[in-house]
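Undergrad: Got a structure for you, upload_32.cif, holding mmCIF, C-alpha atoms.
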```cif
data_coords
loop_
_atom_site.group_PDB
_atom_site.id
_atom_site.type_symbol
_atom_site.label_atom_id
_atom_site.label_comp_id
_atom_site.auth_asym_id
_atom_site.auth_seq_id
_atom_site.Cartn_x
_atom_site.Cartn_y
_atom_site.Cartn_z
ATOM 1 C CA MET K 1 36.611 51.366 95.078
ATOM 2 C CA LEU K 2 33.529 50.126 96.900
ATOM 3 C CA GLU K 3 31.121 52.384 94.969
ATOM 4 C CA LYS K 4 31.322 50.315 91.785
ATOM 5 C CA TYR K 5 29.680 47.258 93.386
ATOM 6 C CA ASN K 6 26.218 47.633 91.892
ATOM 7 C CA PRO K 7 24.265 44.456 91.021
ATOM 8 C CA GLY K 8 25.559 44.497 87.415
ATOM 9 C CA GLU K 9 29.170 44.692 88.622
ATOM 10 C CA ILE K 10 28.540 41.856 91.055
ATOM 11 C CA LEU K 11 27.337 39.687 88.165
ATOM 12 C CA LYS K 12 30.634 40.421 86.357
ATOM 13 C CA ILE K 13 32.598 39.448 89.476
ATOM 14 C CA ALA K 14 30.483 36.282 89.835
ATOM 15 C CA VAL K 15 31.397 35.227 86.282
ATOM 16 C CA GLU K 16 35.088 35.726 87.109
ATOM 17 C CA VAL K 17 34.900 33.968 90.495
ATOM 18 C CA GLU K 18 33.147 30.942 88.982
ATOM 19 C CA LYS K 19 35.666 30.873 86.104
ATOM 20 C CA ASN K 20 38.651 31.066 88.474
ATOM 21 C CA GLY K 21 36.979 28.587 90.812
ATOM 22 C CA LYS K 22 36.668 26.118 87.924
ATOM 23 C CA GLU K 23 40.381 26.564 87.127
ATOM 24 C CA LEU K 24 41.380 26.066 90.779
ATOM 25 C CA TYR K 25 39.201 22.961 91.205
ATOM 26 C CA ALA K 26 40.657 21.481 87.986
ATOM 27 C CA LEU K 27 44.161 21.871 89.468
ATOM 28 C CA LEU K 28 43.079 20.406 92.803
ATOM 29 C CA GLU K 29 41.498 17.432 91.028
ATOM 30 C CA VAL K 30 44.896 16.611 89.498
ATOM 31 C CA LYS K 31 46.941 17.281 92.652
ATOM 32 C CA SER K 32 44.674 15.674 95.258
ATOM 33 C CA ARG K 33 46.098 12.705 97.207
ATOM 34 C CA ASP K 34 42.717 11.535 98.452
ATOM 35 C CA PRO K 35 40.473 9.816 95.830
ATOM 36 C CA GLN K 36 37.269 11.069 97.507
ATOM 37 C CA ALA K 37 38.611 14.624 97.414
ATOM 38 C CA GLY K 38 39.601 14.160 93.751
ATOM 39 C CA LEU K 39 36.025 13.165 92.861
ATOM 40 C CA LEU K 40 34.609 16.142 94.745
ATOM 41 C CA TRP K 41 36.963 18.627 93.009
ATOM 42 C CA ALA K 42 35.936 17.126 89.618
ATOM 43 C CA TYR K 43 32.259 17.543 90.522
ATOM 44 C CA LEU K 44 32.766 21.123 91.745
ATOM 45 C CA LYS K 45 34.709 21.987 88.585
ATOM 46 C CA GLN K 46 31.714 20.916 86.442
ATOM 47 C CA GLN K 47 29.309 22.832 88.669
ATOM 48 C CA GLU K 48 31.381 26.036 88.458
ATOM 49 C CA GLU K 49 31.279 25.749 84.663
ATOM 50 C CA VAL K 50 27.454 25.646 84.793
ATOM 51 C CA HIS K 51 27.329 28.562 87.255
ATOM 52 C CA GLN K 52 29.698 30.603 85.107
ATOM 53 C CA GLN K 53 27.315 30.109 82.150
ATOM 54 C CA THR K 54 24.313 31.065 84.307
ATOM 55 C CA PHE K 55 25.938 34.303 85.485
ATOM 56 C CA GLN K 56 27.136 35.065 81.941
ATOM 57 C CA GLU K 57 23.537 34.694 80.725
ATOM 58 C CA MET K 58 22.343 37.016 83.525
ATOM 59 C CA LEU K 59 25.081 39.528 82.718
ATOM 60 C CA SER K 60 24.340 39.493 78.975
ATOM 61 C CA ASN K 61 20.610 40.015 79.619
ATOM 62 C CA GLN K 62 20.739 42.333 82.626
ATOM 63 C CA LYS K 63 17.530 44.134 81.698
ATOM 64 C CA ASP K 64 15.604 40.850 81.994
ATOM 65 C CA TYR K 65 17.198 39.861 85.280
ATOM 66 C CA LEU K 66 17.874 42.988 87.316
ATOM 67 C CA VAL K 67 15.224 45.070 89.027
ATOM 68 C CA VAL K 68 15.372 48.503 87.374
ATOM 69 C CA GLU K 69 14.227 50.511 90.365
ATOM 70 C CA PHE K 70 14.828 49.417 93.894
ATOM 71 C CA SER K 71 14.735 51.290 97.170
ATOM 72 C CA THR K 72 18.212 51.935 98.487
ATOM 73 C CA GLY K 73 17.725 51.036 102.116
ATOM 74 C CA GLU K 74 19.743 49.186 104.703
ATOM 75 C CA HIS K 75 20.432 46.362 102.268
ATOM 76 C CA GLU K 76 22.679 48.365 99.928
ATOM 77 C CA PRO K 77 25.648 48.893 102.319
ATOM 78 C CA TYR K 78 25.504 45.176 103.138
ATOM 79 C CA LEU K 79 25.562 44.220 99.446
ATOM 80 C CA LYS K 80 28.595 46.465 98.947
ATOM 81 C CA ALA K 81 30.384 45.019 101.987
ATOM 82 C CA ILE K 82 29.737 41.421 100.987
ATOM 83 C CA ALA K 83 30.789 42.196 97.399
ATOM 84 C CA SER K 84 34.017 43.666 98.752
ATOM 85 C CA GLU K 85 34.688 40.427 100.672
ATOM 86 C CA TYR K 86 33.813 38.497 97.502
ATOM 87 C CA ILE K 87 36.488 40.488 95.613
ATOM 88 C CA PHE K 88 39.069 39.602 98.294
ATOM 89 C CA THR K 89 38.076 35.956 97.760
ATOM 90 C CA GLN K 90 38.520 36.275 93.999
ATOM 91 C CA ASP K 91 42.075 37.587 94.574
ATOM 92 C CA LEU K 92 42.795 34.668 96.919
ATOM 93 C CA ILE K 93 41.531 32.131 94.344
ATOM 94 C CA LYS K 94 43.934 33.615 91.776
ATOM 95 C CA GLU K 95 46.771 33.401 94.327
ATOM 96 C CA HIS K 96 46.012 29.749 95.027
ATOM 97 C CA ILE K 97 45.930 28.875 91.310
ATOM 98 C CA GLY K 98 49.639 29.755 91.266
ATOM 99 C CA GLN K 99 50.479 28.430 94.699
ATOM 100 C CA GLU K 100 49.805 24.872 95.883
ATOM 101 C CA PHE K 101 48.096 24.041 99.168
ATOM 102 C CA LYS K 102 50.134 22.159 101.778
ATOM 103 C CA SER K 103 47.448 19.486 102.230
ATOM 104 C CA ASP K 104 44.021 18.335 101.031
ATOM 105 C CA SER K 105 42.605 19.565 104.332
ATOM 106 C CA GLU K 106 43.929 23.098 103.710
ATOM 107 C CA ALA K 107 42.497 23.071 100.151
ATOM 108 C CA ILE K 108 39.102 21.963 101.502
ATOM 109 C CA ASP K 109 39.152 24.755 104.111
ATOM 110 C CA PHE K 110 39.732 27.234 101.321
ATOM 111 C CA GLY K 111 36.931 25.681 99.219
ATOM 112 C CA ILE K 112 34.617 26.028 102.253
ATOM 113 C CA SER K 113 35.449 29.739 102.608
ATOM 114 C CA VAL K 114 34.755 30.300 98.867
ATOM 115 C CA GLU K 115 31.371 28.548 99.068
ATOM 116 C CA LYS K 116 30.379 30.514 102.201
ATOM 117 C CA ILE K 117 31.061 33.921 100.667
ATOM 118 C CA SER K 118 29.402 32.841 97.394
ATOM 119 C CA ILE K 119 26.204 31.854 99.247
ATOM 120 C CA LEU K 120 26.091 35.182 101.089
ATOM 121 C CA THR K 121 26.871 37.250 97.970
ATOM 122 C CA TYR K 122 24.267 35.535 95.782
ATOM 123 C CA SER K 123 21.685 35.687 98.605
ATOM 124 C CA ALA K 124 22.314 39.446 98.940
ATOM 125 C CA LEU K 125 22.113 39.879 95.159
ATOM 126 C CA ARG K 126 18.740 38.079 95.108
ATOM 127 C CA GLU K 127 17.018 41.275 96.348
ATOM 128 C CA TYR K 128 17.932 42.939 93.032
ATOM 129 C CA ILE K 129 16.710 40.143 90.758
ATOM 130 C CA ASN K 130 13.282 40.273 89.091
ATOM 131 C CA LYS K 131 10.841 37.966 90.862
ATOM 132 C CA ASN K 132 10.216 35.835 87.759
ATOM 133 C CA LYS K 133 13.984 35.222 87.412
ATOM 134 C CA GLN K 134 14.748 34.560 91.087
ATOM 135 C CA PRO K 135 14.387 30.752 90.671
ATOM 136 C CA VAL K 136 17.480 30.830 88.393
ATOM 137 C CA LEU K 137 19.571 32.347 91.187
ATOM 138 C CA ASP K 138 17.864 30.215 93.856
ATOM 139 C CA LYS K 139 19.062 27.102 92.023
ATOM 140 C CA VAL K 140 22.659 28.381 92.093
ATOM 141 C CA ILE K 141 22.368 29.268 95.823
ATOM 142 C CA ASP K 142 20.979 25.794 96.616
ATOM 143 C CA GLU K 143 23.827 24.183 94.688
ATOM 144 C CA GLU K 144 26.412 26.277 96.548
ATOM 145 C CA LYS K 145 24.811 25.176 99.847
ATOM 146 C CA ASN K 146 25.086 21.598 98.642
ATOM 147 C CA HIS K 147 28.788 22.150 97.806
ATOM 148 C CA LEU K 148 29.377 23.626 101.261
ATOM 149 C CA ALA K 149 27.714 20.614 102.893
ATOM 150 C CA LYS K 150 29.786 18.164 100.779
ATOM 151 C CA LEU K 151 33.046 19.990 101.531
ATOM 152 C CA LYS K 152 32.297 20.086 105.264
ATOM 153 C CA SER K 153 31.466 16.398 105.267
ATOM 154 C CA LEU K 154 34.693 15.553 103.384
ATOM 155 C CA LYS K 155 36.685 17.798 105.735
ATOM 156 C CA ARG K 156 35.442 15.795 108.731
ATOM 157 C CA THR K 157 36.357 12.511 107.001
ATOM 158 C CA ILE K 158 39.826 13.697 105.951
ATOM 159 C CA ASP K 159 40.630 15.237 109.344
ATOM 160 C CA HIS K 160 39.523 11.963 110.946
ATOM 161 C CA THR K 161 41.736 9.810 108.698
ATOM 162 C CA GLY K 162 44.605 12.320 108.855
ATOM 163 C CA ILE K 163 45.305 12.408 105.086
ATOM 164 C CA MET N 1 28.657 9.807 110.208
ATOM 165 C CA THR N 2 26.868 13.149 110.384
ATOM 166 C CA GLU N 3 25.689 13.979 113.883
ATOM 167 C CA HIS N 4 22.037 14.979 113.937
ATOM 168 C CA PHE N 5 21.667 18.613 114.963
ATOM 169 C CA ASN N 6 18.255 19.879 115.891
ATOM 170 C CA PRO N 7 17.454 23.601 116.155
ATOM 171 C CA GLN N 8 17.677 23.500 119.972
ATOM 172 C CA LYS N 9 21.292 22.293 119.793
ATOM 173 C CA VAL N 10 22.095 24.967 117.209
ATOM 174 C CA LEU N 11 20.565 27.643 119.442
ATOM 175 C CA GLU N 12 22.596 26.369 122.399
ATOM 176 C CA ILE N 13 25.777 26.694 120.337
ATOM 177 C CA ALA N 14 24.634 30.161 119.145
ATOM 178 C CA LEU N 15 24.256 31.210 122.788
ATOM 179 C CA LYS N 16 27.788 30.002 123.591
ATOM 180 C CA VAL N 17 29.204 31.692 120.462
ATOM 181 C CA LYS N 18 27.596 34.982 121.468
ATOM 182 C CA GLU N 19 28.775 34.753 125.090
ATOM 183 C CA SER N 20 32.327 34.017 123.894
ATOM 184 C CA SER N 21 32.154 36.779 121.268
ATOM 185 C CA GLN N 22 31.182 39.305 123.928
ATOM 186 C CA LYS N 23 34.285 38.373 125.950
ATOM 187 C CA LEU N 24 36.505 38.508 122.855
ATOM 188 C CA TYR N 25 35.217 41.957 121.825
ATOM 189 C CA GLN N 26 35.753 43.264 125.374
ATOM 190 C CA ALA N 27 39.347 41.987 125.290
ATOM 191 C CA LEU N 28 39.939 43.506 121.840
ATOM 192 C CA SER N 29 38.465 46.845 122.928
ATOM 193 C CA SER N 30 40.823 47.047 125.902
ATOM 194 C CA LYS N 31 43.873 46.171 123.760
ATOM 195 C CA THR N 32 43.505 48.325 120.658
ATOM 196 C CA ALA N 33 45.186 51.723 120.332
ATOM 197 C CA ASP N 34 42.827 52.709 117.494
ATOM 198 C CA SER N 35 39.873 54.720 118.901
ATOM 199 C CA GLN N 36 37.584 53.994 115.927
ATOM 200 C CA LEU N 37 38.241 50.301 116.256
ATOM 201 C CA LYS N 38 37.661 50.479 120.014
ATOM 202 C CA ASN N 39 34.198 51.957 119.337
ATOM 203 C CA LEU N 40 33.503 49.140 116.863
ATOM 204 C CA TRP N 41 34.511 46.389 119.338
ATOM 205 C CA ASP N 42 32.381 48.059 122.042
ATOM 206 C CA HIS N 43 29.398 48.180 119.676
ATOM 207 C CA LEU N 44 29.835 44.524 118.672
ATOM 208 C CA GLY N 45 30.208 43.565 122.340
ATOM 209 C CA GLN N 46 26.943 45.318 123.267
ATOM 210 C CA ASP N 47 25.069 43.664 120.395
ATOM 211 C CA SER N 48 26.514 40.265 121.361
ATOM 212 C CA GLU N 49 25.204 40.767 124.899
ATOM 213 C CA PHE N 50 21.734 41.548 123.530
ATOM 214 C CA HIS N 51 21.833 38.536 121.172
ATOM 215 C CA SER N 52 22.930 36.288 124.068
ATOM 216 C CA LYS N 53 19.864 37.369 126.061
ATOM 217 C CA VAL N 54 17.574 36.591 123.096
ATOM 218 C CA PHE N 55 19.139 33.151 122.542
ATOM 219 C CA LYS N 56 18.949 32.382 126.278
ATOM 220 C CA GLU N 57 15.237 33.196 126.229
ATOM 221 C CA MET N 58 14.800 31.041 123.108
ATOM 222 C CA CYS N 59 16.657 28.084 124.680
ATOM 223 C CA GLN N 60 14.593 28.342 127.878
ATOM 224 C CA ASP N 61 11.290 28.482 125.999
ATOM 225 C CA ILE N 62 12.202 26.402 122.962
ATOM 226 C CA GLU N 63 8.650 25.243 122.159
ATOM 227 C CA SER N 64 7.479 28.833 121.677
ATOM 228 C CA TYR N 65 10.235 29.585 119.193
ATOM 229 C CA VAL N 66 10.992 26.470 117.163
ATOM 230 C CA VAL N 67 8.728 24.699 114.694
ATOM 231 C CA TYR N 68 7.955 21.205 115.958
ATOM 232 C CA GLU N 69 9.721 18.411 114.082
ATOM 233 C CA LEU N 70 7.116 15.915 112.851
ATOM 234 C CA SER N 71 9.534 13.039 112.317
ATOM 235 C CA ALA N 72 13.158 12.473 113.344
ATOM 236 C CA GLY N 73 15.618 13.993 110.875
ATOM 237 C CA GLU N 74 12.965 16.121 109.189
ATOM 238 C CA TYR N 75 14.839 19.357 109.831
ATOM 239 C CA ASP N 76 16.946 20.720 106.984
ATOM 240 C CA PRO N 77 19.977 18.391 106.434
ATOM 241 C CA TYR N 78 21.974 21.475 105.350
ATOM 242 C CA LEU N 79 21.652 22.797 108.918
ATOM 243 C CA SER N 80 23.064 19.528 110.262
ATOM 244 C CA GLU N 81 26.013 19.718 107.863
ATOM 245 C CA ILE N 82 27.004 23.290 108.708
ATOM 246 C CA THR N 83 26.495 23.086 112.474
ATOM 247 C CA PRO N 84 29.689 21.134 113.345
ATOM 248 C CA GLY N 85 31.675 24.008 111.809
ATOM 249 C CA PHE N 86 29.695 26.412 113.987
ATOM 250 C CA ARG N 87 30.830 24.516 117.079
ATOM 251 C CA TYR N 88 34.403 24.787 115.802
ATOM 252 C CA THR N 89 33.890 28.565 115.493
ATOM 253 C CA GLN N 90 32.918 28.671 119.163
ATOM 254 C CA GLU N 91 36.103 26.794 120.103
ATOM 255 C CA ALA N 92 38.196 29.107 117.892
ATOM 256 C CA ILE N 93 36.746 32.180 119.642
ATOM 257 C CA GLY N 94 37.612 30.653 123.040
ATOM 258 C CA LYS N 95 41.187 30.144 121.858
ATOM 259 C CA LYS N 96 41.450 33.704 120.544
ATOM 260 C CA ILE N 97 40.217 35.157 123.862
ATOM 261 C CA LYS N 98 43.389 33.701 125.419
ATOM 262 C CA GLU N 99 45.831 34.329 122.552
ATOM 263 C CA LEU N 100 44.379 37.497 120.964
ATOM 264 C CA PHE N 101 45.965 38.768 117.728
ATOM 265 C CA VAL N 102 49.247 40.230 116.529
ATOM 266 C CA THR N 103 47.587 43.023 114.515
ATOM 267 C CA ASP N 104 44.245 44.858 114.411
ATOM 268 C CA LEU N 105 43.770 43.637 110.829
ATOM 269 C CA GLU N 106 44.124 40.027 111.924
ATOM 270 C CA ALA N 107 41.470 40.614 114.625
ATOM 271 C CA VAL N 108 39.065 42.253 112.157
ATOM 272 C CA GLU N 109 39.511 39.406 109.654
ATOM 273 C CA PHE N 110 38.753 36.860 112.371
ATOM 274 C CA ALA N 111 35.615 38.792 113.368
ATOM 275 C CA ILE N 112 34.503 38.813 109.695
ATOM 276 C CA TYR N 113 34.977 35.031 109.580
ATOM 277 C CA VAL N 114 32.791 34.687 112.706
ATOM 278 C CA VAL N 115 30.065 37.004 111.392
ATOM 279 C CA ILE N 116 29.921 35.175 108.018
ATOM 280 C CA GLU N 117 29.461 31.900 109.914
ATOM 281 C CA LEU N 118 26.703 33.477 112.054
ATOM 282 C CA ILE N 119 24.762 34.833 109.059
ATOM 283 C CA LEU N 120 24.936 31.441 107.316
ATOM 284 C CA VAL N 121 23.809 29.462 110.363
ATOM 285 C CA TYR N 122 21.055 31.903 111.386
ATOM 286 C CA SER N 123 19.754 32.018 107.792
ATOM 287 C CA ALA N 124 19.537 28.204 107.764
ATOM 288 C CA LEU N 125 17.963 28.155 111.231
ATOM 289 C CA LYS N 126 15.336 30.721 110.206
ATOM 290 C CA ASN N 127 13.291 27.974 108.498
ATOM 291 C CA CYS N 128 12.838 26.308 111.909
ATOM 292 C CA ILE N 129 11.532 29.395 113.726
ATOM 293 C CA VAL N 130 7.779 29.813 114.259
ATOM 294 C CA PRO N 131 6.412 32.651 112.080
ATOM 295 C CA GLU N 132 5.218 34.733 115.078
ATOM 296 C CA LYS N 133 8.779 34.868 116.446
ATOM 297 C CA LEU N 134 10.525 35.662 113.187
ATOM 298 C CA ASP N 135 10.732 39.427 113.812
ATOM 299 C CA ILE N 136 13.263 39.137 116.637
ATOM 300 C CA PHE N 137 15.225 36.531 114.696
ATOM 301 C CA ASN N 138 15.293 38.712 111.567
ATOM 302 C CA LYS N 139 16.502 41.603 113.711
ATOM 303 C CA ILE N 140 19.474 39.509 114.841
ATOM 304 C CA ILE N 141 20.306 38.546 111.232
ATOM 305 C CA GLY N 142 20.006 42.243 110.287
ATOM 306 C CA ASP N 143 22.370 43.185 113.142
ATOM 307 C CA GLU N 144 24.945 40.650 111.894
ATOM 308 C CA LYS N 145 24.719 42.079 108.368
ATOM 309 C CA LYS N 146 25.377 45.553 109.809
ATOM 310 C CA HIS N 147 28.347 44.127 111.735
ATOM 311 C CA LEU N 148 29.757 42.698 108.522
ATOM 312 C CA THR N 149 29.343 46.088 106.811
ATOM 313 C CA LYS N 150 31.188 47.880 109.652
ATOM 314 C CA LEU N 151 33.934 45.239 109.852
ATOM 315 C CA ASN N 152 34.497 45.319 106.094
ATOM 316 C CA LEU N 153 34.891 49.123 106.275
ATOM 317 C CA ALA N 154 37.358 48.755 109.176
ATOM 318 C CA LYS N 155 39.282 46.125 107.211
ATOM 319 C CA ARG N 156 39.582 48.372 104.147
ATOM 320 C CA ASN N 157 40.671 51.313 106.328
ATOM 321 C CA LEU N 158 43.351 49.186 108.010
ATOM 322 C CA MET N 159 44.547 47.833 104.654
ATOM 323 C CA ALA N 160 44.815 51.382 103.296
ATOM 324 C CA LYS N 161 47.037 52.502 106.200
ATOM 325 C CA PRO N 162 50.759 52.557 105.384
ATOM 326 C CA SER N 163 52.463 49.721 107.254
#
```
Please express what this file holds, its structure, as structure tokens.

TA:
Amino acid sequence: MLEKYNPGEILKIAVEVEKNGKELYALLEVKSRDPQAGLLWAYLKQQEEVHQQTFQEMLSNQKDYLVVEFSTGEHEPYLKAIASEYIFTQDLIKEHIGQEFKSDSEAIDFGISVEKISILTYSALREYINKNKQPVLDKVIDEEKNHLAKLKSLKRTIDHTGI
Amino acid sequence: MTEHFNPQKVLEIALKVKESSQKLYQALSSKTADSQLKNLWDHLGQDSEFHSKVFKEMCQDIESYVVYELSAGEYDPYLSEITPGFRYTQEAIGKKIKELFVTDLEAVEFAIYVVIELILVYSALKNCIVPEKLDIFNKIIGDEKKHLTKLNLAKRNLMAKPS
């Protein structure tokens, strides 16, 4: 049901996505054949742990973080659509926890798709966060952008070396 | 080594992506048996044509649109990291124009992938646009967000259909 994707629900999903992401990256760290990829998965695992705690804090103190009254304009359907895509991603992460990737390159592609949808979801959610708390979310968004850049860089290296 | 991408190069790729997207949406519109989906592809095709015209104008008059770089490499490194993937998106669209898709759902999912890439790249590029020209650029980002909303709805409708 799309209707349930209000900002509070999105925070709940974010906690779950970060938690599942951490679990997936921990598995990839162990399974990776490329040492550079192994280091990156270990780093991302730690980062997801921090993000999970951040979203849990936001979820537990929603009244401090979420704007109580906001105008429901053009942004709301977009937030719902992006949240729906985010849910599909969460399901895919769970699938991949139980099912290995064929190669490091395929795992990195999946990591890239998770980071992309996370950036868009958190950026859309930002509109509903109190101004004084926006820096908390901005830090997470910047870190996700950094993860995306690192994954893309590693993808180019791995595709070049053919591992 | 990361290739240095300046905003002009990114805009040139954006123009090519939009020109290719327009062709892809035209091909998808002529192939689908679903009238609702046909309307969606037509709408996306028309918007892509409009966006192409805007990007063409921006590329031809780059100094009026893009903030001048004071020193080499000063532009956001994040933009440089995500741009190679954007070029890959353009190549993938070109491939899909020839091959097309087995199902409507597959086509919609590919279009969502493209739109997510566009929103990410345009949002990063926004920091390089001169303030007086931001309105037209924000309109394009807003259009892409609306596209994502419509495509997500189409995806959920197709997934709900009995196979």

Undergrad: Could you check the closest approach to chain K for each of N:Lys96, N:Asn138, N:Tyr78, N:Ser123 and tell me which residue wins, using only C-alpha atoms?

TA: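 Comparing N:Lys96, N:Asn138, N:Tyr78, N:Ser123 against chain K, the winner is N:Tyr78.
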
Undergrad: Selection in question (the file shown): the PyMOL selection byres ((chain K) within 7 of (chain N)). Which residues does it include, as a VMD selection string?

TA: chain K and resid 77 to 78 81 149 152 to 153

Undergrad: Under the PyMOL selection byres ((chain N and resi 50-61) around 12), which residues of this model are included? Write them out as a ChimeraX atom specification.

TA: /N:7-23,43-49,62-66,118,122,129-130,133-144

Undergrad: Assuming the chain letters and numbering stay as they are in my file, what does the PyMOL selection byres ((chain K and resi 40-52) around 9) actually select? List them as a compact mmCIF listing (two decimals) with C-alpha atoms, in the frame of the given file.

TA:
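Contents of the output file expr.txt:
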```txt
# COMPACT_ATOMS: atom_id res chain seq x y z
CA ALA K 14 30.48 36.28 89.84
CA VAL K 15 31.40 35.23 86.28
CA GLU K 16 35.09 35.73 87.11
CA VAL K 17 34.90 33.97 90.50
CA GLU K 18 33.15 30.94 88.98
CA LYS K 19 35.67 30.87 86.10
CA ASN K 20 38.65 31.07 88.47
CA GLY K 21 36.98 28.59 90.81
CA LYS K 22 36.67 26.12 87.92
CA GLU K 23 40.38 26.56 87.13
CA LEU K 24 41.38 26.07 90.78
CA TYR K 25 39.20 22.96 91.20
CA ALA K 26 40.66 21.48 87.99
CA LEU K 27 44.16 21.87 89.47
CA LEU K 28 43.08 20.41 92.80
CA GLU K 29 41.50 17.43 91.03
CA VAL K 30 44.90 16.61 89.50
CA SER K 32 44.67 15.67 95.26
CA PRO K 35 40.47 9.82 95.83
CA GLN K 36 37.27 11.07 97.51
CA ALA K 37 38.61 14.62 97.41
CA GLY K 38 39.60 14.16 93.75
CA LEU K 39 36.02 13.16 92.86
CA GLN K 53 27.32 30.11 82.15
CA THR K 54 24.31 31.06 84.31
CA PHE K 55 25.94 34.30 85.48
CA GLN K 56 27.14 35.06 81.94
CA GLU K 57 23.54 34.69 80.72
CA VAL K 140 22.66 28.38 92.09
CA GLU K 143 23.83 24.18 94.69
CA HIS K 147 28.79 22.15 97.81
CA LYS K 150 29.79 18.16 100.78
CA LEU K 151 33.05 19.99 101.53
CA LEU K 154 34.69 15.55 103.38
```

Undergrad: Could you jot down the atom CA of K:Asp142 to atom CA of K:Ile119 separation for me, Å, one decimal place?

TA: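 Taking atom CA of K:Asp142 and atom CA of K:Ile119, their separation equals 8.4 Å.
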
Undergrad: Do a neighbour search on K:Ile117 at 9 Å with only C-alpha atoms, toss out local chain neighbours closer than 2 positions, and write the hits as a PDB file with C-alpha atoms, in the frame of the given file.

TA:
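Output (around16.pdb):
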```
ATOM      1  CA  ILE K  82      29.737  41.421 100.987  1.00  0.00           C
ATOM      2  CA  ALA K  83      30.789  42.196  97.399  1.00  0.00           C
ATOM      3  CA  GLU K  85      34.688  40.427 100.672  1.00  0.00           C
ATOM      4  CA  TYR K  86      33.813  38.497  97.502  1.00  0.00           C
ATOM      5  CA  THR K  89      38.076  35.956  97.760  1.00  0.00           C
ATOM      6  CA  ILE K 112      34.617  26.028 102.253  1.00  0.00           C
ATOM      7  CA  SER K 113      35.449  29.739 102.608  1.00  0.00           C
ATOM      8  CA  VAL K 114      34.755  30.300  98.867  1.00  0.00           C
ATOM      9  CA  GLU K 115      31.371  28.548  99.068  1.00  0.00           C
ATOM     10  CA  ILE K 119      26.204  31.854  99.247  1.00  0.00           C
ATOM     11  CA  LEU K 120      26.091  35.182 101.089  1.00  0.00           C
ATOM     12  CA  THR K 121      26.871  37.250  97.970  1.00  0.00           C
ATOM     13  CA  TYR K 122      24.267  35.535  95.782  1.00  0.00           C
TER      14      TYR K 122
ATOM     15  CA  ILE N 116      29.921  35.175 108.018  1.00  0.00           C
TER      16      ILE N 116
END
```

Undergrad: By how many Å are atom CA of N:Leu105 and atom CA of K:Phe101 apart?

TA: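 Rounded to one decimal, the two atoms are 23.2 Å apart.
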
Undergrad: Select, from K:Lys12, K:Val68, K:His75, K:Asp34, the residue with the minimum atom-to-atom distance to K:Glu127, counting only C-alpha atoms.

TA: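 Selected residue with least distance to K:Glu127: K:His75.
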
Undergrad: Please measure the separation of atom CA of K:Asn132 and atom CA of K:Pro7, giving the value in Å to one decimal.

TA: 16.8 Å

Undergrad: Could you pull the residues within 7 Å of K:Tyr65, counting all atoms listed in the file, minus those fewer than 6 positions along the same chain, as a JSON list (two decimals) with C-alpha atoms, keeping the file's coordinate frame?

TA:
```
[["chain", "number", "residue", "atom", "x", "y", "z"],
["K", 58, "MET", "CA", 22.34, 37.02, 83.52],
["K", 129, "ILE", "CA", 16.71, 40.14, 90.76],
["K", 130, "ASN", "CA", 13.28, 40.27, 89.09],
["K", 133, "LYS", "CA", 13.98, 35.22, 87.41]]
```

Undergrad: Have a look at N:Glu132, N:Glu99, N:Glu91, N:Asp104 and name the one nearest to N:Ala33; count only C-alpha atoms.

TA: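 Smallest separation from N:Ala33 among the options: N:Asp104.
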
Undergrad: Between K:Asp64, K:Asp104, K:Glu9, K:Glu76, which residue has the minimum interatomic distance to K:Thr161, considering all atoms listed in the file?

TA: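 For K:Thr161, the nearest of the candidates is K:Asp104.
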
Undergrad: Which is closest to N:Asn157 among N:Ala107, N:Gln36, N:Ser30, N:Lys98, if we use all atoms listed in the file?

TA: N:Gln36

Undergrad: Which one of N:Lys31, N:Leu37, N:Arg87, N:Pro162 sits closest to N:Val108 if you count all atoms listed in the file?

TA: N:Leu37

Undergrad: Would you mind putting back N, CA and C atoms on stretch 123-130 of chain N, then writing it out as a PDB file, in the frame of the given file?

TA:
```pdb
ATOM      1  N   SER N 123      20.628  32.055 108.980  1.00  0.00           N
ATOM      2  CA  SER N 123      19.754  32.018 107.792  1.00  0.00           C
ATOM      3  C   SER N 123      19.192  30.615 107.594  1.00  0.00           C
ATOM      4  N   ALA N 124      20.013  29.584 107.888  1.00  0.00           N
ATOM      5  CA  ALA N 124      19.537  28.204 107.764  1.00  0.00           C
ATOM      6  C   ALA N 124      18.537  27.882 108.886  1.00  0.00           C
ATOM      7  N   LEU N 125      18.805  28.423 110.057  1.00  0.00           N
ATOM      8  CA  LEU N 125      17.963  28.155 111.231  1.00  0.00           C
ATOM      9  C   LEU N 125      16.593  28.843 111.125  1.00  0.00           C
ATOM     10  N   LYS N 126      16.561  29.916 110.362  1.00  0.00           N
ATOM     11  CA  LYS N 126      15.336  30.721 110.206  1.00  0.00           C
ATOM     12  C   LYS N 126      14.123  29.872 109.804  1.00  0.00           C
ATOM     13  N   ASN N 127      14.383  28.844 108.964  1.00  0.00           N
ATOM     14  CA  ASN N 127      13.291  27.974 108.498  1.00  0.00           C
ATOM     15  C   ASN N 127      12.657  27.179 109.639  1.00  0.00           C
ATOM     16  N   CYS N 128      13.350  27.095 110.776  1.00  0.00           N
ATOM     17  CA  CYS N 128      12.838  26.308 111.909  1.00  0.00           C
ATOM     18  C   CYS N 128      12.153  27.186 112.959  1.00  0.00           C
ATOM     19  N   ILE N 129      12.101  28.486 112.721  1.00  0.00           N
ATOM     20  CA  ILE N 129      11.532  29.395 113.726  1.00  0.00           C
ATOM     21  C   ILE N 129      10.044  29.624 113.433  1.00  0.00           C
ATOM     22  N   VAL N 130       9.225  29.623 114.476  1.00  0.00           N
ATOM     23  CA  VAL N 130       7.779  29.813 114.259  1.00  0.00           C
ATOM     24  C   VAL N 130       7.540  31.221 113.704  1.00  0.00           C
TER      25      VAL N 130
END
```
